[in-house]
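Below: protein_4.pdb (PDB, C-alpha atoms)
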```pdb
ATOM      1  CA  MET B   1     -14.339 -11.588  25.991
ATOM      2  CA  ILE B   2     -17.896 -11.460  24.652
ATOM      3  CA  ALA B   3     -17.151  -8.201  22.823
ATOM      4  CA  PHE B   4     -14.098  -9.800  21.223
ATOM      5  CA  ALA B   5     -16.173 -12.788  20.100
ATOM      6  CA  LEU B   6     -18.813 -10.479  18.604
ATOM      7  CA  THR B   7     -16.141  -8.487  16.790
ATOM      8  CA  MET B   8     -14.615 -11.660  15.370
ATOM      9  CA  ALA B   9     -18.084 -12.856  14.329
ATOM     10  CA  ALA B  10     -18.610  -9.562  12.455
ATOM     11  CA  PHE B  11     -15.292 -10.085  10.643
ATOM     12  CA  ALA B  12     -16.255 -13.644   9.761
ATOM     13  CA  ALA B  13     -19.617 -12.404   8.506
ATOM     14  CA  GLY B  14     -17.827 -10.358   5.862
ATOM     15  CA  GLU B  15     -17.878  -6.873   7.361
ATOM     16  CA  PRO B  16     -15.554  -4.798   5.176
ATOM     17  CA  CYS B  17     -12.340  -3.491   6.668
ATOM     18  CA  ALA B  18     -12.505   0.301   6.747
ATOM     19  CA  SER B  19      -9.180   2.058   6.375
ATOM     20  CA  SER B  20      -7.540   5.106   4.894
ATOM     21  CA  LEU B  21      -8.752   7.798   2.543
ATOM     22  CA  PRO B  22     -12.209   7.560   1.022
ATOM     23  CA  VAL B  23     -12.668   7.614  -2.744
ATOM     24  CA  GLY B  24     -12.709  11.202  -4.003
ATOM     25  CA  GLN B  25     -10.475  12.592  -1.253
ATOM     26  CA  ARG B  26      -7.122  14.189  -1.970
ATOM     27  CA  PRO B  27      -4.142  12.241  -0.605
ATOM     28  CA  GLY B  28      -2.024  14.327   1.728
ATOM     29  CA  PRO B  29       1.750  14.440   1.712
ATOM     30  CA  TYR B  30       3.766  12.275   4.071
ATOM     31  CA  SER B  31       7.433  11.375   4.285
ATOM     32  CA  PHE B  32       8.738   7.902   4.880
ATOM     33  CA  LEU B  33      12.205   6.396   5.232
ATOM     34  CA  ILE B  34      13.307   4.707   2.004
ATOM     35  CA  ALA B  35      14.894   1.242   2.347
ATOM     36  CA  THR B  36      15.691   0.481  -1.311
ATOM     37  CA  GLY B  37      17.163   2.133  -4.368
ATOM     38  CA  PRO B  38      19.228   5.291  -4.766
ATOM     39  CA  ASP B  39      17.237   7.151  -2.081
ATOM     40  CA  ARG B  40      17.933   4.502   0.614
ATOM     41  CA  GLY B  41      18.185   6.064   4.054
ATOM     42  CA  LYS B  42      16.457   9.312   3.014
ATOM     43  CA  GLN B  43      13.076  10.656   4.071
ATOM     44  CA  GLU B  44      10.993  11.162   0.926
ATOM     45  CA  CYS B  45       7.496  12.346   0.046
ATOM     46  CA  TYR B  46       6.519  10.625  -3.178
ATOM     47  CA  VAL B  47       2.941  11.910  -2.949
ATOM     48  CA  CYS B  48       4.193  15.434  -3.590
ATOM     49  CA  GLY B  49       6.042  14.456  -6.758
ATOM     50  CA  GLN B  50       3.208  12.478  -8.278
ATOM     51  CA  ALA B  51       0.807  15.393  -8.750
ATOM     52  CA  ASP B  52      -1.591  14.227 -11.502
ATOM     53  CA  LYS B  53       0.209  10.952 -12.297
ATOM     54  CA  PRO B  54      -1.287   7.502 -11.573
ATOM     55  CA  THR B  55      -0.125   6.233  -8.194
ATOM     56  CA  VAL B  56      -0.494   3.129  -6.035
ATOM     57  CA  VAL B  57       0.470   3.276  -2.363
ATOM     58  CA  VAL B  58       0.414   0.108  -0.288
ATOM     59  CA  PHE B  59       0.476   0.472   3.483
ATOM     60  CA  GLY B  60       1.260  -2.690   5.402
ATOM     61  CA  ARG B  61       2.013  -3.783   8.907
ATOM     62  CA  ALA B  62       3.434  -7.246   8.220
ATOM     63  CA  LEU B  63       6.181  -8.394   5.895
ATOM     64  CA  ASN B  64       4.692 -11.664   4.727
ATOM     65  CA  PRO B  65       4.510 -13.702   1.504
ATOM     66  CA  ALA B  66       1.010 -12.464   0.610
ATOM     67  CA  THR B  67       2.086  -8.818   0.769
ATOM     68  CA  GLY B  68       5.206  -9.714  -1.207
ATOM     69  CA  LYS B  69       3.074 -11.279  -3.955
ATOM     70  CA  LEU B  70       0.867  -8.180  -4.146
ATOM     71  CA  LEU B  71       3.907  -5.930  -4.394
ATOM     72  CA  ALA B  72       5.514  -8.168  -7.026
ATOM     73  CA  ALA B  73       2.341  -7.905  -9.127
ATOM     74  CA  LEU B  74       2.294  -4.113  -8.774
ATOM     75  CA  ASP B  75       6.028  -3.954  -9.499
ATOM     76  CA  ALA B  76       5.453  -5.840 -12.766
ATOM     77  CA  GLU B  77       2.678  -3.407 -13.692
ATOM     78  CA  ALA B  78       4.873  -0.378 -12.945
ATOM     79  CA  LEU B  79       7.646  -1.796 -15.134
ATOM     80  CA  ALA B  80       5.195  -2.571 -17.942
ATOM     81  CA  ARG B  81       3.532   0.836 -17.779
ATOM     82  CA  LYS B  82       6.475   3.234 -17.588
ATOM     83  CA  ASP B  83       4.919   5.226 -20.442
ATOM     84  CA  ALA B  84       1.896   5.939 -18.199
ATOM     85  CA  ASN B  85       4.151   7.277 -15.390
ATOM     86  CA  LEU B  86       2.640   4.754 -12.977
ATOM     87  CA  LYS B  87       4.454   4.858  -9.650
ATOM     88  CA  CYS B  88       3.945   2.312  -6.889
ATOM     89  CA  TRP B  89       5.471   2.114  -3.444
ATOM     90  CA  PHE B  90       5.136   0.233  -0.176
ATOM     91  CA  THR B  91       5.101   1.904   3.212
ATOM     92  CA  GLN B  92       5.583  -0.422   6.159
ATOM     93  CA  LEU B  93       3.880   0.901   9.284
ATOM     94  CA  THR B  94       6.192   0.074  12.173
ATOM     95  CA  GLU B  95       7.409   1.432  15.498
ATOM     96  CA  THR B  96      11.075   1.267  14.439
ATOM     97  CA  ALA B  97      12.358   0.994  10.887
ATOM     98  CA  ASP B  98      14.761  -1.834  10.073
ATOM     99  CA  LEU B  99      15.945  -0.792   6.636
ATOM    100  CA  ASP B 100      18.246  -3.795   6.217
ATOM    101  CA  ALA B 101      15.467  -6.305   6.925
ATOM    102  CA  LEU B 102      13.050  -4.368   4.710
ATOM    103  CA  ALA B 103      15.559  -4.242   1.833
ATOM    104  CA  LYS B 104      16.272  -7.988   2.145
ATOM    105  CA  TRP B 105      12.543  -8.742   2.169
ATOM    106  CA  SER B 106      12.067  -6.552  -0.917
ATOM    107  CA  GLN B 107      14.930  -8.292  -2.691
ATOM    108  CA  ALA B 108      13.573 -11.741  -1.753
ATOM    109  CA  HIS B 109      10.334 -10.801  -3.545
ATOM    110  CA  GLY B 110      12.185  -9.571  -6.636
ATOM    111  CA  LEU B 111      10.976  -5.953  -6.426
ATOM    112  CA  LYS B 112      12.690  -3.704  -8.970
ATOM    113  CA  ALA B 113      10.685  -0.554  -9.735
ATOM    114  CA  LEU B 114       8.567  -0.434  -6.595
ATOM    115  CA  ALA B 115      10.134   1.599  -3.773
ATOM    116  CA  VAL B 116       9.953   0.176  -0.266
ATOM    117  CA  GLY B 117      10.215   2.129   2.954
ATOM    118  CA  ALA B 118       9.005   2.558   6.504
ATOM    119  CA  TYR B 119       6.829   5.015   8.373
ATOM    120  CA  GLU B 120       7.700   4.922  12.046
ATOM    121  CA  ASP B 121       4.205   4.919  13.484
ATOM    122  CA  THR B 122       1.887   1.911  13.310
ATOM    123  CA  ASP B 123      -1.123   4.237  12.975
ATOM    124  CA  GLY B 124       0.206   5.548   9.661
ATOM    125  CA  PRO B 125       0.566   9.105   8.372
ATOM    126  CA  PRO B 126      -1.734  11.797   9.807
ATOM    127  CA  GLY B 127      -4.949  12.138   7.858
ATOM    128  CA  TYR B 128      -4.712   8.680   6.281
ATOM    129  CA  THR B 129      -6.693   6.974   9.069
ATOM    130  CA  ILE B 130      -5.264   3.483   8.578
ATOM    131  CA  GLY B 131      -7.620   1.107  10.385
ATOM    132  CA  PRO B 132      -6.092  -0.756  13.329
ATOM    133  CA  ASP B 133      -7.349  -4.085  11.938
ATOM    134  CA  ALA B 134      -6.017  -3.416   8.418
ATOM    135  CA  GLU B 135      -2.929  -5.480   7.672
ATOM    136  CA  VAL B 136      -2.752  -4.140   4.100
ATOM    137  CA  THR B 137      -4.305  -0.998   2.649
ATOM    138  CA  VAL B 138      -4.012  -0.174  -1.061
ATOM    139  CA  VAL B 139      -4.731   3.394  -2.147
ATOM    140  CA  MET B 140      -4.797   4.275  -5.849
ATOM    141  CA  PHE B 141      -5.017   7.870  -6.944
ATOM    142  CA  VAL B 142      -4.671  10.029 -10.026
ATOM    143  CA  ARG B 143      -5.138  13.783 -10.584
ATOM    144  CA  LYS B 144      -4.858  14.244  -6.797
ATOM    145  CA  LYS B 145      -7.986  12.173  -6.057
ATOM    146  CA  VAL B 146      -8.330   8.719  -4.537
ATOM    147  CA  VAL B 147      -9.998   6.382  -7.033
ATOM    148  CA  VAL B 148      -9.546   2.986  -5.318
ATOM    149  CA  ASN B 149      -9.180   2.048  -1.655
ATOM    150  CA  VAL B 150      -8.871  -1.614  -0.653
ATOM    151  CA  SER B 151      -8.232  -2.583   2.962
ATOM    152  CA  LEU B 152      -7.688  -6.133   4.129
ATOM    153  CA  ARG B 153      -7.277  -7.820   7.481
ATOM    154  CA  ALA B 154      -4.701 -10.503   8.233
ATOM    155  CA  GLY B 155      -5.384 -13.538   6.054
ATOM    156  CA  GLU B 156      -7.639 -11.713   3.571
ATOM    157  CA  LEU B 157      -4.948 -10.963   0.976
ATOM    158  CA  THR B 158      -5.405 -13.957  -1.318
ATOM    159  CA  ALA B 159      -4.372 -14.544  -4.921
ATOM    160  CA  GLU B 160      -7.933 -13.601  -5.941
ATOM    161  CA  ARG B 161      -7.694 -10.280  -4.069
ATOM    162  CA  VAL B 162      -4.317  -9.551  -5.689
ATOM    163  CA  ALA B 163      -5.946 -10.150  -9.105
ATOM    164  CA  GLU B 164      -8.838  -7.816  -8.184
ATOM    165  CA  ILE B 165      -6.425  -5.092  -7.084
ATOM    166  CA  ARG B 166      -4.397  -5.490 -10.264
ATOM    167  CA  ALA B 167      -7.608  -5.356 -12.319
ATOM    168  CA  SER B 168      -8.399  -1.969 -10.710
ATOM    169  CA  LEU B 169      -5.360  -0.310 -12.291
ATOM    170  CA  PRO B 170      -7.172   0.828 -15.477
ATOM    171  CA  ARG B 171      -9.260   3.080 -13.237
ATOM    172  CA  ILE B 172      -6.178   5.256 -12.649
ATOM    173  CA  LEU B 173      -4.593   4.637 -16.045
ATOM    174  CA  GLY B 174      -7.448   5.939 -18.153
ATOM    175  CA  GLY B 175      -8.676   2.495 -19.142
ATOM    176  CA  LYS B 176      -5.257   1.332 -20.394
TER     177      LYS B 176
END
```
As a first step, turn the structure in this file into structure tokens.
Amino acid sequence: MIAFALTMAAFAAGEPCASSLPVGQRPGPYSFLIATGPDRGKQECYVCGQADKPTVVVFGRALNPATGKLLAALDAEALARKDANLKCWFTQLTETADLDALAKWSQAHGLKALAVGAYEDTDGPPGYTIGPDAEVTVVMFVRKKVVVNVSLRAGELTAERVAEIRASLPRILGGK
């Protein structure tokens, strides 16, 4: 109990949430089960197809309004920046995929361009090292290198953090 209290005190003190690939590392391929769009029900590896193109991957454990707002913001950016070949997708980390629930959640948040799917392991894809306390992890990469990594615990994804994440996009879009 004391260890738990100390851990929670560290979180409250502003210790950053460590999760996923460090900046400069190459993102590895992984397949996830697509819940929306023409590829619904298929296992896909979008990392492989992106090559040198700007990419945003959001890993999440919970389907909540805050995550929906982040994805809606990224969806709007992807639609506005088609000329830059920006691709964004959401990978829910779960024990068992519920594609119907995931598709309904995606639709409720008005997602159009952003693909949504599930990876059936709460630890995430091998090599990505998603932190157990990370509710949301955002990885941005371009030219096969991670440029931005933001990891947030439950309750940390605020409107201000969404704005900060959105403001990081020029780092993978060449300043655009």
- Task: Write out as a PyMOL selection string the residues lying within 9 Å of B:Pro29, counting all atoms listed in the file and excluding same-chain residues fewer than 2 positions away.
- Result: chain B and resi 27+31+45-48+125
- Please evaluate the PyMOL selection byres ((chain B and resi 165) around 10) against the displayed coordinates and give the resulting residues as an MDAnalysis selection string. chainID B and resid 70 73:74 138:140 148:150 159:164 166:169
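Residue nearest B:Ala84, chosen from B:Gly117, B:Gly127, B:Pro54, B:Gly110 and counting all atoms listed in the file: B:Pro54.
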So that I can check the surroundings of B:Thr36, please list as a tab-separated table (two decimals) with C-alpha atoms, in the frame of the given file every protein, DNA and RNA residue that reaches within 12 Å of it, counting all atoms listed in the file and ignoring chain neighbours fewer than 2 positions away.
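Written out: part.tsv:
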```tsv
chain	number	residue	atom	x	y	z
B	32	PHE	CA	8.74	7.90	4.88
B	33	LEU	CA	12.20	6.40	5.23
B	34	ILE	CA	13.31	4.71	2.00
B	38	PRO	CA	19.23	5.29	-4.77
B	39	ASP	CA	17.24	7.15	-2.08
B	40	ARG	CA	17.93	4.50	0.61
B	41	GLY	CA	18.18	6.06	4.05
B	42	LYS	CA	16.46	9.31	3.01
B	43	GLN	CA	13.08	10.66	4.07
B	44	GLU	CA	10.99	11.16	0.93
B	89	TRP	CA	5.47	2.11	-3.44
B	90	PHE	CA	5.14	0.23	-0.18
B	91	THR	CA	5.10	1.90	3.21
B	98	ASP	CA	14.76	-1.83	10.07
B	99	LEU	CA	15.94	-0.79	6.64
B	100	ASP	CA	18.25	-3.80	6.22
B	101	ALA	CA	15.47	-6.30	6.92
B	102	LEU	CA	13.05	-4.37	4.71
B	103	ALA	CA	15.56	-4.24	1.83
B	104	LYS	CA	16.27	-7.99	2.14
B	105	TRP	CA	12.54	-8.74	2.17
B	106	SER	CA	12.07	-6.55	-0.92
B	107	GLN	CA	14.93	-8.29	-2.69
B	110	GLY	CA	12.18	-9.57	-6.64
B	111	LEU	CA	10.98	-5.95	-6.43
B	112	LYS	CA	12.69	-3.70	-8.97
B	113	ALA	CA	10.68	-0.55	-9.74
B	114	LEU	CA	8.57	-0.43	-6.60
B	115	ALA	CA	10.13	1.60	-3.77
B	116	VAL	CA	9.95	0.18	-0.27
B	117	GLY	CA	10.22	2.13	2.95
B	118	ALA	CA	9.01	2.56	6.50
```
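You can rank B:Arg26, B:Lys87, B:Lys53, B:Arg153 by their closest distance to B:Gly174 using all atoms listed in the file, and at the top of that list sits B:Lys53.
Of the listed residues (B:Gly60, B:Pro22, B:Gly37, B:Pro170), B:Pro22 comes nearest to B:Thr129; the distances count all atoms listed in the file.
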- Message: Take the PyMOL selection byres ((chain B and resi 94) around 10), run it mentally on this structure, and tell me the resulting residues as a PyMOL selection string.
- Response: chain B and resi 60-62+91-93+95-98+118-124
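Taking atom CA of B:Ser20 and atom CA of B:Leu157 as endpoints, the distance between them is 16.7 Å.
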- Which value, in Å to one decimal, gives the distance between atom CA of B:Thr137 and atom CA of B:Pro65? 15.5 Å
